[in-house]
$ cat protein-v4.pdb   # PDB, C-alpha atoms
ATOM      1  CA  MET I   1      12.440 -11.652 -25.735  1.00  0.00           C
ATOM      2  CA  THR I   2      10.826 -14.623 -27.496  1.00  0.00           C
ATOM      3  CA  ALA I   3       8.052 -14.773 -24.906  1.00  0.00           C
ATOM      4  CA  GLY I   4       7.496 -11.022 -25.258  1.00  0.00           C
ATOM      5  CA  LEU I   5       7.237 -11.274 -29.027  1.00  0.00           C
ATOM      6  CA  ARG I   6       4.814 -14.165 -28.683  1.00  0.00           C
ATOM      7  CA  GLU I   7       2.567 -12.117 -26.421  1.00  0.00           C
ATOM      8  CA  LEU I   8       2.745  -9.164 -28.814  1.00  0.00           C
ATOM      9  CA  LYS I   9       1.769 -11.421 -31.711  1.00  0.00           C
ATOM     10  CA  LYS I  10      -1.169 -12.789 -29.721  1.00  0.00           C
ATOM     11  CA  ARG I  11      -2.408  -9.291 -28.904  1.00  0.00           C
ATOM     12  CA  GLN I  12      -2.073  -8.236 -32.533  1.00  0.00           C
ATOM     13  CA  THR I  13      -3.932 -11.311 -33.751  1.00  0.00           C
ATOM     14  CA  ARG I  14      -6.689 -10.805 -31.201  1.00  0.00           C
ATOM     15  CA  GLN I  15      -7.112  -7.156 -32.200  1.00  0.00           C
ATOM     16  CA  MET I  16      -7.101  -8.020 -35.897  1.00  0.00           C
ATOM     17  CA  ILE I  17      -9.830 -10.619 -35.425  1.00  0.00           C
ATOM     18  CA  SER I  18     -11.916  -8.211 -33.360  1.00  0.00           C
ATOM     19  CA  ASP I  19     -11.498  -5.388 -35.886  1.00  0.00           C
ATOM     20  CA  THR I  20     -12.447  -7.694 -38.760  1.00  0.00           C
ATOM     21  CA  ALA I  21     -15.510  -8.978 -36.943  1.00  0.00           C
ATOM     22  CA  THR I  22     -16.643  -5.480 -35.953  1.00  0.00           C
ATOM     23  CA  ARG I  23     -16.348  -4.288 -39.548  1.00  0.00           C
ATOM     24  CA  LEU I  24     -18.520  -7.172 -40.741  1.00  0.00           C
ATOM     25  CA  PHE I  25     -21.029  -6.621 -37.935  1.00  0.00           C
ATOM     26  CA  MET I  26     -21.402  -2.950 -38.821  1.00  0.00           C
ATOM     27  CA  GLU I  27     -21.800  -3.755 -42.520  1.00  0.00           C
ATOM     28  CA  ARG I  28     -24.322  -6.589 -42.183  1.00  0.00           C
ATOM     29  CA  GLY I  29     -25.605  -6.681 -38.613  1.00  0.00           C
ATOM     30  CA  PHE I  30     -24.357  -8.785 -35.725  1.00  0.00           C
ATOM     31  CA  GLU I  31     -26.793 -11.679 -36.082  1.00  0.00           C
ATOM     32  CA  ALA I  32     -26.171 -12.035 -39.838  1.00  0.00           C
ATOM     33  CA  VAL I  33     -22.416 -12.720 -39.559  1.00  0.00           C
ATOM     34  CA  THR I  34     -21.095 -16.172 -38.667  1.00  0.00           C
ATOM     35  CA  ILE I  35     -17.872 -17.139 -36.910  1.00  0.00           C
ATOM     36  CA  ALA I  36     -16.805 -19.002 -40.066  1.00  0.00           C
ATOM     37  CA  GLU I  37     -17.200 -15.821 -42.132  1.00  0.00           C
ATOM     38  CA  ILE I  38     -15.154 -13.864 -39.614  1.00  0.00           C
ATOM     39  CA  ALA I  39     -12.392 -16.482 -39.734  1.00  0.00           C
ATOM     40  CA  THR I  40     -12.322 -16.373 -43.527  1.00  0.00           C
ATOM     41  CA  ALA I  41     -12.191 -12.585 -43.640  1.00  0.00           C
ATOM     42  CA  ALA I  42      -9.450 -12.506 -40.983  1.00  0.00           C
ATOM     43  CA  GLN I  43      -7.538 -15.308 -42.737  1.00  0.00           C
ATOM     44  CA  VAL I  44      -7.364 -17.469 -39.616  1.00  0.00           C
ATOM     45  CA  ALA I  45      -8.869 -20.788 -38.624  1.00  0.00           C
ATOM     46  CA  LYS I  46     -12.338 -20.836 -37.099  1.00  0.00           C
ATOM     47  CA  MET I  47     -10.835 -22.409 -33.983  1.00  0.00           C
ATOM     48  CA  THR I  48      -8.442 -19.461 -33.685  1.00  0.00           C
ATOM     49  CA  VAL I  49     -11.403 -17.096 -33.494  1.00  0.00           C
ATOM     50  CA  THR I  50     -13.133 -19.141 -30.796  1.00  0.00           C
ATOM     51  CA  ASN I  51      -9.900 -19.579 -28.844  1.00  0.00           C
ATOM     52  CA  TYR I  52      -9.557 -15.813 -28.539  1.00  0.00           C
ATOM     53  CA  PHE I  53     -13.290 -15.121 -28.243  1.00  0.00           C
ATOM     54  CA  PRO I  54     -15.328 -17.982 -26.746  1.00  0.00           C
ATOM     55  CA  ARG I  55     -18.462 -15.833 -27.031  1.00  0.00           C
ATOM     56  CA  LYS I  56     -19.397 -14.231 -30.330  1.00  0.00           C
ATOM     57  CA  GLU I  57     -20.667 -11.129 -28.505  1.00  0.00           C
ATOM     58  CA  ASP I  58     -17.195 -10.430 -27.169  1.00  0.00           C
ATOM     59  CA  LEU I  59     -15.899  -9.967 -30.699  1.00  0.00           C
ATOM     60  CA  ALA I  60     -17.901  -6.737 -30.750  1.00  0.00           C
ATOM     61  CA  LEU I  61     -17.557  -5.927 -27.057  1.00  0.00           C
ATOM     62  CA  ASP I  62     -13.896  -6.844 -26.742  1.00  0.00           C
ATOM     63  CA  TYR I  63     -13.485  -4.470 -23.783  1.00  0.00           C
ATOM     64  CA  HIS I  64     -15.979  -6.485 -21.694  1.00  0.00           C
ATOM     65  CA  GLU I  65     -13.496  -7.241 -18.908  1.00  0.00           C
ATOM     66  CA  THR I  66     -12.807  -3.535 -18.447  1.00  0.00           C
ATOM     67  CA  ILE I  67     -16.540  -2.780 -18.317  1.00  0.00           C
ATOM     68  CA  THR I  68     -17.146  -5.279 -15.535  1.00  0.00           C
ATOM     69  CA  THR I  69     -14.158  -4.333 -13.369  1.00  0.00           C
ATOM     70  CA  ALA I  70     -13.660  -0.580 -13.898  1.00  0.00           C
ATOM     71  CA  LEU I  71     -15.940   0.706 -11.130  1.00  0.00           C
ATOM     72  CA  ALA I  72     -14.646  -1.762  -8.551  1.00  0.00           C
ATOM     73  CA  ARG I  73     -11.033  -0.951  -9.436  1.00  0.00           C
ATOM     74  CA  THR I  74     -11.730   2.775  -9.107  1.00  0.00           C
ATOM     75  CA  VAL I  75     -13.161   2.302  -5.626  1.00  0.00           C
ATOM     76  CA  GLU I  76     -10.320   0.017  -4.591  1.00  0.00           C
ATOM     77  CA  GLY I  77      -7.738   2.529  -5.802  1.00  0.00           C
ATOM     78  CA  ARG I  78      -9.298   5.706  -4.422  1.00  0.00           C
ATOM     79  CA  PRO I  79      -6.963   7.902  -2.361  1.00  0.00           C
ATOM     80  CA  THR I  80      -7.259   8.459   1.366  1.00  0.00           C
ATOM     81  CA  GLY I  81     -10.098  10.811   2.249  1.00  0.00           C
ATOM     82  CA  GLU I  82     -12.079  10.196  -0.950  1.00  0.00           C
ATOM     83  CA  SER I  83     -15.530   8.571  -0.943  1.00  0.00           C
ATOM     84  CA  ALA I  84     -16.623   5.955  -3.452  1.00  0.00           C
ATOM     85  CA  LEU I  85     -18.982   8.412  -5.162  1.00  0.00           C
ATOM     86  CA  ARG I  86     -16.342  11.095  -5.581  1.00  0.00           C
ATOM     87  CA  ALA I  87     -13.814   8.587  -6.882  1.00  0.00           C
ATOM     88  CA  LEU I  88     -16.304   7.327  -9.458  1.00  0.00           C
ATOM     89  CA  ARG I  89     -17.285  10.857 -10.469  1.00  0.00           C
ATOM     90  CA  ARG I  90     -13.632  11.778 -10.968  1.00  0.00           C
ATOM     91  CA  ALA I  91     -12.938   8.616 -12.976  1.00  0.00           C
ATOM     92  CA  TYR I  92     -16.021   9.074 -15.145  1.00  0.00           C
ATOM     93  CA  LEU I  93     -15.177  12.662 -16.055  1.00  0.00           C
ATOM     94  CA  ALA I  94     -11.628  11.597 -16.933  1.00  0.00           C
ATOM     95  CA  ALA I  95     -13.022   8.811 -19.146  1.00  0.00           C
ATOM     96  CA  VAL I  96     -15.248  11.311 -20.949  1.00  0.00           C
ATOM     97  CA  GLU I  97     -12.269  13.582 -21.532  1.00  0.00           C
ATOM     98  CA  ARG I  98     -10.361  10.781 -23.268  1.00  0.00           C
ATOM     99  CA  HIS I  99     -13.503   9.572 -25.138  1.00  0.00           C
ATOM    100  CA  ASP I 100     -13.289   6.121 -23.591  1.00  0.00           C
ATOM    101  CA  PRO I 101     -15.431   3.389 -25.240  1.00  0.00           C
ATOM    102  CA  VAL I 102     -16.200   1.993 -21.783  1.00  0.00           C
ATOM    103  CA  VAL I 103     -18.427   5.017 -21.078  1.00  0.00           C
ATOM    104  CA  GLY I 104     -20.105   4.775 -24.487  1.00  0.00           C
ATOM    105  CA  PHE I 105     -17.920   6.584 -27.016  1.00  0.00           C
ATOM    106  CA  SER I 106     -17.871   4.936 -30.436  1.00  0.00           C
ATOM    107  CA  SER I 107     -18.629   5.619 -34.054  1.00  0.00           C
ATOM    108  CA  PRO I 108     -22.276   6.182 -35.025  1.00  0.00           C
ATOM    109  CA  GLU I 109     -22.152   2.966 -37.071  1.00  0.00           C
ATOM    110  CA  PHE I 110     -20.971   0.958 -34.077  1.00  0.00           C
ATOM    111  CA  ALA I 111     -23.596   2.517 -31.789  1.00  0.00           C
ATOM    112  CA  ARG I 112     -26.361   1.672 -34.270  1.00  0.00           C
ATOM    113  CA  MET I 113     -25.044  -1.875 -34.599  1.00  0.00           C
ATOM    114  CA  LEU I 114     -25.267  -2.309 -30.830  1.00  0.00           C
ATOM    115  CA  ALA I 115     -28.772  -0.869 -30.621  1.00  0.00           C
ATOM    116  CA  ASP I 116     -30.040  -2.960 -33.547  1.00  0.00           C
ATOM    117  CA  SER I 117     -28.806  -6.279 -32.122  1.00  0.00           C
ATOM    118  CA  PRO I 118     -30.967  -8.000 -29.482  1.00  0.00           C
ATOM    119  CA  THR I 119     -28.023 -10.277 -28.669  1.00  0.00           C
ATOM    120  CA  LEU I 120     -25.602  -7.426 -28.026  1.00  0.00           C
ATOM    121  CA  THR I 121     -28.209  -5.451 -26.090  1.00  0.00           C
ATOM    122  CA  ALA I 122     -28.701  -8.457 -23.823  1.00  0.00           C
ATOM    123  CA  ARG I 123     -24.940  -8.891 -23.448  1.00  0.00           C
ATOM    124  CA  LEU I 124     -24.566  -5.239 -22.421  1.00  0.00           C
ATOM    125  CA  ARG I 125     -27.231  -5.713 -19.746  1.00  0.00           C
ATOM    126  CA  GLU I 126     -25.328  -8.737 -18.502  1.00  0.00           C
ATOM    127  CA  LEU I 127     -22.073  -6.765 -18.359  1.00  0.00           C
ATOM    128  CA  HIS I 128     -23.766  -3.964 -16.424  1.00  0.00           C
ATOM    129  CA  ASP I 129     -25.092  -6.547 -13.949  1.00  0.00           C
ATOM    130  CA  GLN I 130     -21.634  -8.084 -13.545  1.00  0.00           C
ATOM    131  CA  ARG I 131     -20.197  -4.613 -13.000  1.00  0.00           C
ATOM    132  CA  GLU I 132     -22.731  -3.993 -10.235  1.00  0.00           C
ATOM    133  CA  GLU I 133     -21.802  -7.274  -8.557  1.00  0.00           C
ATOM    134  CA  ALA I 134     -18.077  -6.448  -8.673  1.00  0.00           C
ATOM    135  CA  LEU I 135     -18.715  -2.980  -7.259  1.00  0.00           C
ATOM    136  CA  ALA I 136     -20.867  -4.397  -4.457  1.00  0.00           C
ATOM    137  CA  ASP I 137     -18.033  -6.740  -3.516  1.00  0.00           C
ATOM    138  CA  ALA I 138     -15.546  -3.838  -3.488  1.00  0.00           C
ATOM    139  CA  LEU I 139     -17.837  -1.720  -1.315  1.00  0.00           C
ATOM    140  CA  THR I 140     -18.398  -4.624   1.054  1.00  0.00           C
ATOM    141  CA  THR I 141     -14.652  -5.032   1.456  1.00  0.00           C
ATOM    142  CA  ALA I 142     -14.218  -1.280   1.922  1.00  0.00           C
ATOM    143  CA  THR I 143     -16.903  -0.829   4.588  1.00  0.00           C
ATOM    144  CA  ALA I 144     -16.984  -4.215   6.381  1.00  0.00           C
ATOM    145  CA  PRO I 145     -20.747  -4.168   7.024  1.00  0.00           C
ATOM    146  CA  THR I 146     -22.629  -6.646   9.164  1.00  0.00           C
ATOM    147  CA  PRO I 147     -23.950  -9.679   7.228  1.00  0.00           C
ATOM    148  CA  ASP I 148     -27.516  -8.342   7.264  1.00  0.00           C
ATOM    149  CA  ASP I 149     -26.593  -4.829   6.077  1.00  0.00           C
ATOM    150  CA  PRO I 150     -27.756  -4.258   2.462  1.00  0.00           C
ATOM    151  CA  THR I 151     -26.018  -0.891   2.138  1.00  0.00           C
ATOM    152  CA  PRO I 152     -23.091  -1.970  -0.099  1.00  0.00           C
ATOM    153  CA  ARG I 153     -25.405  -3.655  -2.584  1.00  0.00           C
ATOM    154  CA  ALA I 154     -27.871  -0.771  -2.529  1.00  0.00           C
ATOM    155  CA  ALA I 155     -25.043   1.725  -3.089  1.00  0.00           C
ATOM    156  CA  ALA I 156     -23.617  -0.406  -5.898  1.00  0.00           C
ATOM    157  CA  ALA I 157     -27.026  -0.563  -7.568  1.00  0.00           C
ATOM    158  CA  LEU I 158     -27.401   3.225  -7.460  1.00  0.00           C
ATOM    159  CA  LEU I 159     -23.870   3.921  -8.664  1.00  0.00           C
ATOM    160  CA  THR I 160     -24.066   1.377 -11.469  1.00  0.00           C
ATOM    161  CA  ALA I 161     -27.459   2.717 -12.546  1.00  0.00           C
ATOM    162  CA  ALA I 162     -25.905   6.167 -12.848  1.00  0.00           C
ATOM    163  CA  HIS I 163     -23.172   4.831 -15.124  1.00  0.00           C
ATOM    164  CA  ARG I 164     -25.660   2.800 -17.146  1.00  0.00           C
ATOM    165  CA  THR I 165     -27.827   5.899 -17.666  1.00  0.00           C
ATOM    166  CA  LEU I 166     -24.842   7.962 -18.762  1.00  0.00           C
ATOM    167  CA  PHE I 167     -23.636   5.188 -21.104  1.00  0.00           C
ATOM    168  CA  HIS I 168     -26.999   5.116 -22.875  1.00  0.00           C
ATOM    169  CA  HIS I 169     -27.038   8.915 -23.040  1.00  0.00           C
ATOM    170  CA  VAL I 170     -23.690   8.940 -24.850  1.00  0.00           C
ATOM    171  CA  GLN I 171     -24.827   6.163 -27.196  1.00  0.00           C
ATOM    172  CA  THR I 172     -28.062   7.984 -28.027  1.00  0.00           C
ATOM    173  CA  LEU I 173     -26.174  11.154 -28.953  1.00  0.00           C
ATOM    174  CA  THR I 174     -23.687   9.101 -30.964  1.00  0.00           C
ATOM    175  CA  ARG I 175     -26.406   7.345 -32.969  1.00  0.00           C
ATOM    176  CA  ALA I 176     -27.915  10.750 -33.718  1.00  0.00           C
ATOM    177  CA  GLY I 177     -24.613  11.785 -35.309  1.00  0.00           C
ATOM    178  CA  HIS I 178     -23.497  14.510 -32.904  1.00  0.00           C
ATOM    179  CA  PRO I 179     -19.764  15.391 -33.035  1.00  0.00           C
ATOM    180  CA  THR I 180     -17.583  13.705 -30.434  1.00  0.00           C
ATOM    181  CA  GLU I 181     -16.615  16.907 -28.633  1.00  0.00           C
ATOM    182  CA  GLU I 182     -20.257  17.952 -28.432  1.00  0.00           C
ATOM    183  CA  ILE I 183     -21.112  14.549 -26.947  1.00  0.00           C
ATOM    184  CA  ALA I 184     -18.293  14.910 -24.431  1.00  0.00           C
ATOM    185  CA  THR I 185     -19.595  18.301 -23.339  1.00  0.00           C
ATOM    186  CA  ALA I 186     -23.120  16.938 -22.964  1.00  0.00           C
ATOM    187  CA  ALA I 187     -21.888  13.860 -21.100  1.00  0.00           C
ATOM    188  CA  THR I 188     -19.903  16.001 -18.663  1.00  0.00           C
ATOM    189  CA  ARG I 189     -22.914  18.207 -17.998  1.00  0.00           C
ATOM    190  CA  SER I 190     -25.197  15.194 -17.533  1.00  0.00           C
ATOM    191  CA  ALA I 191     -22.698  13.434 -15.279  1.00  0.00           C
ATOM    192  CA  GLU I 192     -22.515  16.404 -12.952  1.00  0.00           C
ATOM    193  CA  LYS I 193     -26.311  16.378 -12.645  1.00  0.00           C
ATOM    194  CA  VAL I 194     -26.509  12.617 -12.095  1.00  0.00           C
ATOM    195  CA  PHE I 195     -23.718  12.457  -9.527  1.00  0.00           C
ATOM    196  CA  ASP I 196     -25.118  15.521  -7.763  1.00  0.00           C
ATOM    197  CA  LEU I 197     -28.370  13.606  -7.279  1.00  0.00           C
ATOM    198  CA  LEU I 198     -26.439  10.902  -5.416  1.00  0.00           C
ATOM    199  CA  GLU I 199     -24.313  13.289  -3.357  1.00  0.00           C
ATOM    200  CA  PRO I 200     -26.770  13.764  -0.422  1.00  0.00           C
ATOM    201  CA  SER I 201     -27.019  10.021   0.207  1.00  0.00           C
ATOM    202  CA  LEU I 202     -23.637   8.697  -0.888  1.00  0.00           C
ATOM    203  CA  GLY I 203     -21.272  11.679  -0.742  1.00  0.00           C
ATOM    204  CA  ASP I 204     -19.669  10.496   2.506  1.00  0.00           C
ATOM    205  CA  TYR I 205     -20.139   6.763   1.990  1.00  0.00           C
ATOM    206  CA  ALA I 206     -17.088   4.499   1.894  1.00  0.00           C
ATOM    207  CA  VAL I 207     -14.547   7.245   2.554  1.00  0.00           C
ATOM    208  CA  ARG I 208     -11.115   5.677   2.604  1.00  0.00           C
TER     209      ARG I 208
END

$ encode --input "protein-v4.pdb" --output "structure tokens"
Amino acid sequence: MTAGLRELKKRQTRQMISDTATRLFMERGFEAVTIAEIATAAQVAKMTVTNYFPRKEDLALDYHETITTALARTVEGRPTGESALRALRRAYLAAVERHDPVVGFSSPEFARMLADSPTLTARLRELHDQREEALADALTTATAPTPDDPTPRAAAALLTAAHRTLFHHVQTLTRAGHPTEEIATAATRSAEKVFDLLEPSLGDYAVR
């Protein structure tokens, strides 16, 4: 029980620090806020902030681990008879339905903060690249190609590019102030078009 309460307290502290930092970032811009100011506003030590968030960018993008692993986990967990593309399509549409931040849903203020920060824009690119690498590894494991076969990495690049395009589409609509349900409808429609483009080449790839 004590260990469980300790873990709960850690999660609550981490979330509180992230929420405080995000509020300051949206008010003043990411680059203008220091770690010391975040610690003061959150009423914790500066070292506490850096212990939970070694990188300042991850205070704003505190779901970074989910971003980098989500596509690979979807492929690894796909049911028998389902291809990688169809598993990712299904997972994306479900994420849109629940307005998941991982596919770009946020407040307009948060979306503008991301777009206005060169540091956060660069961090997002890095996360997308890491996501592609993780997906390539999952596809390699799933298909057992020969060492000189580039197919898993090519497929991962295409599939990740689709998700990156859809993420930016959702963010663009969010920054423009469209209602969440309207964005979800547009994202669903766009996703069907994007995944349909990949269907001829990847529809039967990596079927479990």

$ residues_near_point --input "protein-v4.pdb" --point "(-27.5, 8.8, -33.7)" --cutoff "9 Å" --atoms "only C-alpha atoms" --output "ChimeraX atom specification"
/I:108-109,111-112,171-178

$ closest_residue --input "protein-v4.pdb" --among "I:Ala32, I:Ala60, I:Ala154, I:Thr121" --to "Ser201 (chain I)" --atoms "all atoms listed in the file"
I:Ala154

$ atom_distance --input "protein-v4.pdb" --atom1 "CA of Ala191 (chain I)" --atom2 "CA of Ser106 (chain I)"
18.0 Å

$ resolve_selection --input "protein-v4.pdb" --expression "the PyMOL selection byres ((chain I and resi 2-16) around 9)" --output "list in words"
Met1, Ile17, Ser18, Asp19, Thr20, Ala21, Ala42, Val49, Tyr52, Phe53 and Asp62 of chain I

$ resolve_selection --input "protein-v4.pdb" --expression "the PyMOL selection byres ((chain I and resi 81-91) around 12)" --output "PDB file with C-alpha atoms, in the coordinates of the input"
ATOM      1  CA  ALA I  70     -13.660  -0.580 -13.898  1.00  0.00           C
ATOM      2  CA  LEU I  71     -15.940   0.706 -11.130  1.00  0.00           C
ATOM      3  CA  ALA I  72     -14.646  -1.762  -8.551  1.00  0.00           C
ATOM      4  CA  ARG I  73     -11.033  -0.951  -9.436  1.00  0.00           C
ATOM      5  CA  THR I  74     -11.730   2.775  -9.107  1.00  0.00           C
ATOM      6  CA  VAL I  75     -13.161   2.302  -5.626  1.00  0.00           C
ATOM      7  CA  GLU I  76     -10.320   0.017  -4.591  1.00  0.00           C
ATOM      8  CA  GLY I  77      -7.738   2.529  -5.802  1.00  0.00           C
ATOM      9  CA  ARG I  78      -9.298   5.706  -4.422  1.00  0.00           C
ATOM     10  CA  PRO I  79      -6.963   7.902  -2.361  1.00  0.00           C
ATOM     11  CA  THR I  80      -7.259   8.459   1.366  1.00  0.00           C
ATOM     12  CA  TYR I  92     -16.021   9.074 -15.145  1.00  0.00           C
ATOM     13  CA  LEU I  93     -15.177  12.662 -16.055  1.00  0.00           C
ATOM     14  CA  ALA I  94     -11.628  11.597 -16.933  1.00  0.00           C
ATOM     15  CA  ALA I  95     -13.022   8.811 -19.146  1.00  0.00           C
ATOM     16  CA  VAL I  96     -15.248  11.311 -20.949  1.00  0.00           C
ATOM     17  CA  GLU I  97     -12.269  13.582 -21.532  1.00  0.00           C
ATOM     18  CA  ARG I  98     -10.361  10.781 -23.268  1.00  0.00           C
ATOM     19  CA  ASP I 100     -13.289   6.121 -23.591  1.00  0.00           C
ATOM     20  CA  VAL I 102     -16.200   1.993 -21.783  1.00  0.00           C
ATOM     21  CA  VAL I 103     -18.427   5.017 -21.078  1.00  0.00           C
ATOM     22  CA  LEU I 135     -18.715  -2.980  -7.259  1.00  0.00           C
ATOM     23  CA  ALA I 136     -20.867  -4.397  -4.457  1.00  0.00           C
ATOM     24  CA  ALA I 138     -15.546  -3.838  -3.488  1.00  0.00           C
ATOM     25  CA  LEU I 139     -17.837  -1.720  -1.315  1.00  0.00           C
ATOM     26  CA  THR I 140     -18.398  -4.624   1.054  1.00  0.00           C
ATOM     27  CA  ALA I 142     -14.218  -1.280   1.922  1.00  0.00           C
ATOM     28  CA  THR I 143     -16.903  -0.829   4.588  1.00  0.00           C
ATOM     29  CA  PRO I 152     -23.091  -1.970  -0.099  1.00  0.00           C
ATOM     30  CA  ALA I 155     -25.043   1.725  -3.089  1.00  0.00           C
ATOM     31  CA  ALA I 156     -23.617  -0.406  -5.898  1.00  0.00           C
ATOM     32  CA  LEU I 158     -27.401   3.225  -7.460  1.00  0.00           C
ATOM     33  CA  LEU I 159     -23.870   3.921  -8.664  1.00  0.00           C
ATOM     34  CA  THR I 160     -24.066   1.377 -11.469  1.00  0.00           C
ATOM     35  CA  ALA I 162     -25.905   6.167 -12.848  1.00  0.00           C
ATOM     36  CA  HIS I 163     -23.172   4.831 -15.124  1.00  0.00           C
ATOM     37  CA  LEU I 166     -24.842   7.962 -18.762  1.00  0.00           C
ATOM     38  CA  ALA I 187     -21.888  13.860 -21.100  1.00  0.00           C
ATOM     39  CA  THR I 188     -19.903  16.001 -18.663  1.00  0.00           C
ATOM     40  CA  ARG I 189     -22.914  18.207 -17.998  1.00  0.00           C
ATOM     41  CA  SER I 190     -25.197  15.194 -17.533  1.00  0.00           C
ATOM     42  CA  ALA I 191     -22.698  13.434 -15.279  1.00  0.00           C
ATOM     43  CA  GLU I 192     -22.515  16.404 -12.952  1.00  0.00           C
ATOM     44  CA  LYS I 193     -26.311  16.378 -12.645  1.00  0.00           C
ATOM     45  CA  VAL I 194     -26.509  12.617 -12.095  1.00  0.00           C
ATOM     46  CA  PHE I 195     -23.718  12.457  -9.527  1.00  0.00           C
ATOM     47  CA  ASP I 196     -25.118  15.521  -7.763  1.00  0.00           C
ATOM     48  CA  LEU I 197     -28.370  13.606  -7.279  1.00  0.00           C
ATOM     49  CA  LEU I 198     -26.439  10.902  -5.416  1.00  0.00           C
ATOM     50  CA  GLU I 199     -24.313  13.289  -3.357  1.00  0.00           C
ATOM     51  CA  PRO I 200     -26.770  13.764  -0.422  1.00  0.00           C
ATOM     52  CA  SER I 201     -27.019  10.021   0.207  1.00  0.00           C
ATOM     53  CA  LEU I 202     -23.637   8.697  -0.888  1.00  0.00           C
ATOM     54  CA  GLY I 203     -21.272  11.679  -0.742  1.00  0.00           C
ATOM     55  CA  ASP I 204     -19.669  10.496   2.506  1.00  0.00           C
ATOM     56  CA  TYR I 205     -20.139   6.763   1.990  1.00  0.00           C
ATOM     57  CA  ALA I 206     -17.088   4.499   1.894  1.00  0.00           C
ATOM     58  CA  VAL I 207     -14.547   7.245   2.554  1.00  0.00           C
ATOM     59  CA  ARG I 208     -11.115   5.677   2.604  1.00  0.00           C
TER      60      ARG I 208
END

$ atom_distance --input "protein-v4.pdb" --atom1 "CA of Val170 (chain I)" --atom2 "CA of Ala122 (chain I)"
18.1 Å

$ axis_aligned_box --input "protein-v4.pdb" --around "region 31-35 of chain I" --padding-each-side "4 Å" --output "lines of an AutoDock Vina configuration file"
center_x = -22.3
center_y = -14.4
center_z = -38.0
size_x = 16.9
size_y = 13.5
size_z = 11.8

$ closest_residue --input "protein-v4.pdb" --among "I:Glu133, I:Glu181, I:Glu57, I:Asp148" --to "Thr34 (chain I)" --atoms "all atoms listed in the file"
I:Glu57

$ atom_distance --input "protein-v4.pdb" --atom1 "CA of Thr69 (chain I)" --atom2 "CA of Arg131 (chain I)"
6.1 Å

$ residues_near_point --input "protein-v4.pdb" --point "(-27.2, -9.6, -39.4)" --cutoff "12 Å" --atoms "all atoms listed in the file" --output "CSV table (one decimal) with C-alpha atoms, in the frame of the given file"
chain,number,residue,atom,x,y,z
I,21,ALA,CA,-15.5,-9.0,-36.9
I,22,THR,CA,-16.6,-5.5,-36.0
I,24,LEU,CA,-18.5,-7.2,-40.7
I,25,PHE,CA,-21.0,-6.6,-37.9
I,26,MET,CA,-21.4,-3.0,-38.8
I,27,GLU,CA,-21.8,-3.8,-42.5
I,28,ARG,CA,-24.3,-6.6,-42.2
I,29,GLY,CA,-25.6,-6.7,-38.6
I,30,PHE,CA,-24.4,-8.8,-35.7
I,31,GLU,CA,-26.8,-11.7,-36.1
I,32,ALA,CA,-26.2,-12.0,-39.8
I,33,VAL,CA,-22.4,-12.7,-39.6
I,34,THR,CA,-21.1,-16.2,-38.7
I,113,MET,CA,-25.0,-1.9,-34.6
I,114,LEU,CA,-25.3,-2.3,-30.8
I,116,ASP,CA,-30.0,-3.0,-33.5
I,117,SER,CA,-28.8,-6.3,-32.1
I,118,PRO,CA,-31.0,-8.0,-29.5
I,119,THR,CA,-28.0,-10.3,-28.7
I,120,LEU,CA,-25.6,-7.4,-28.0
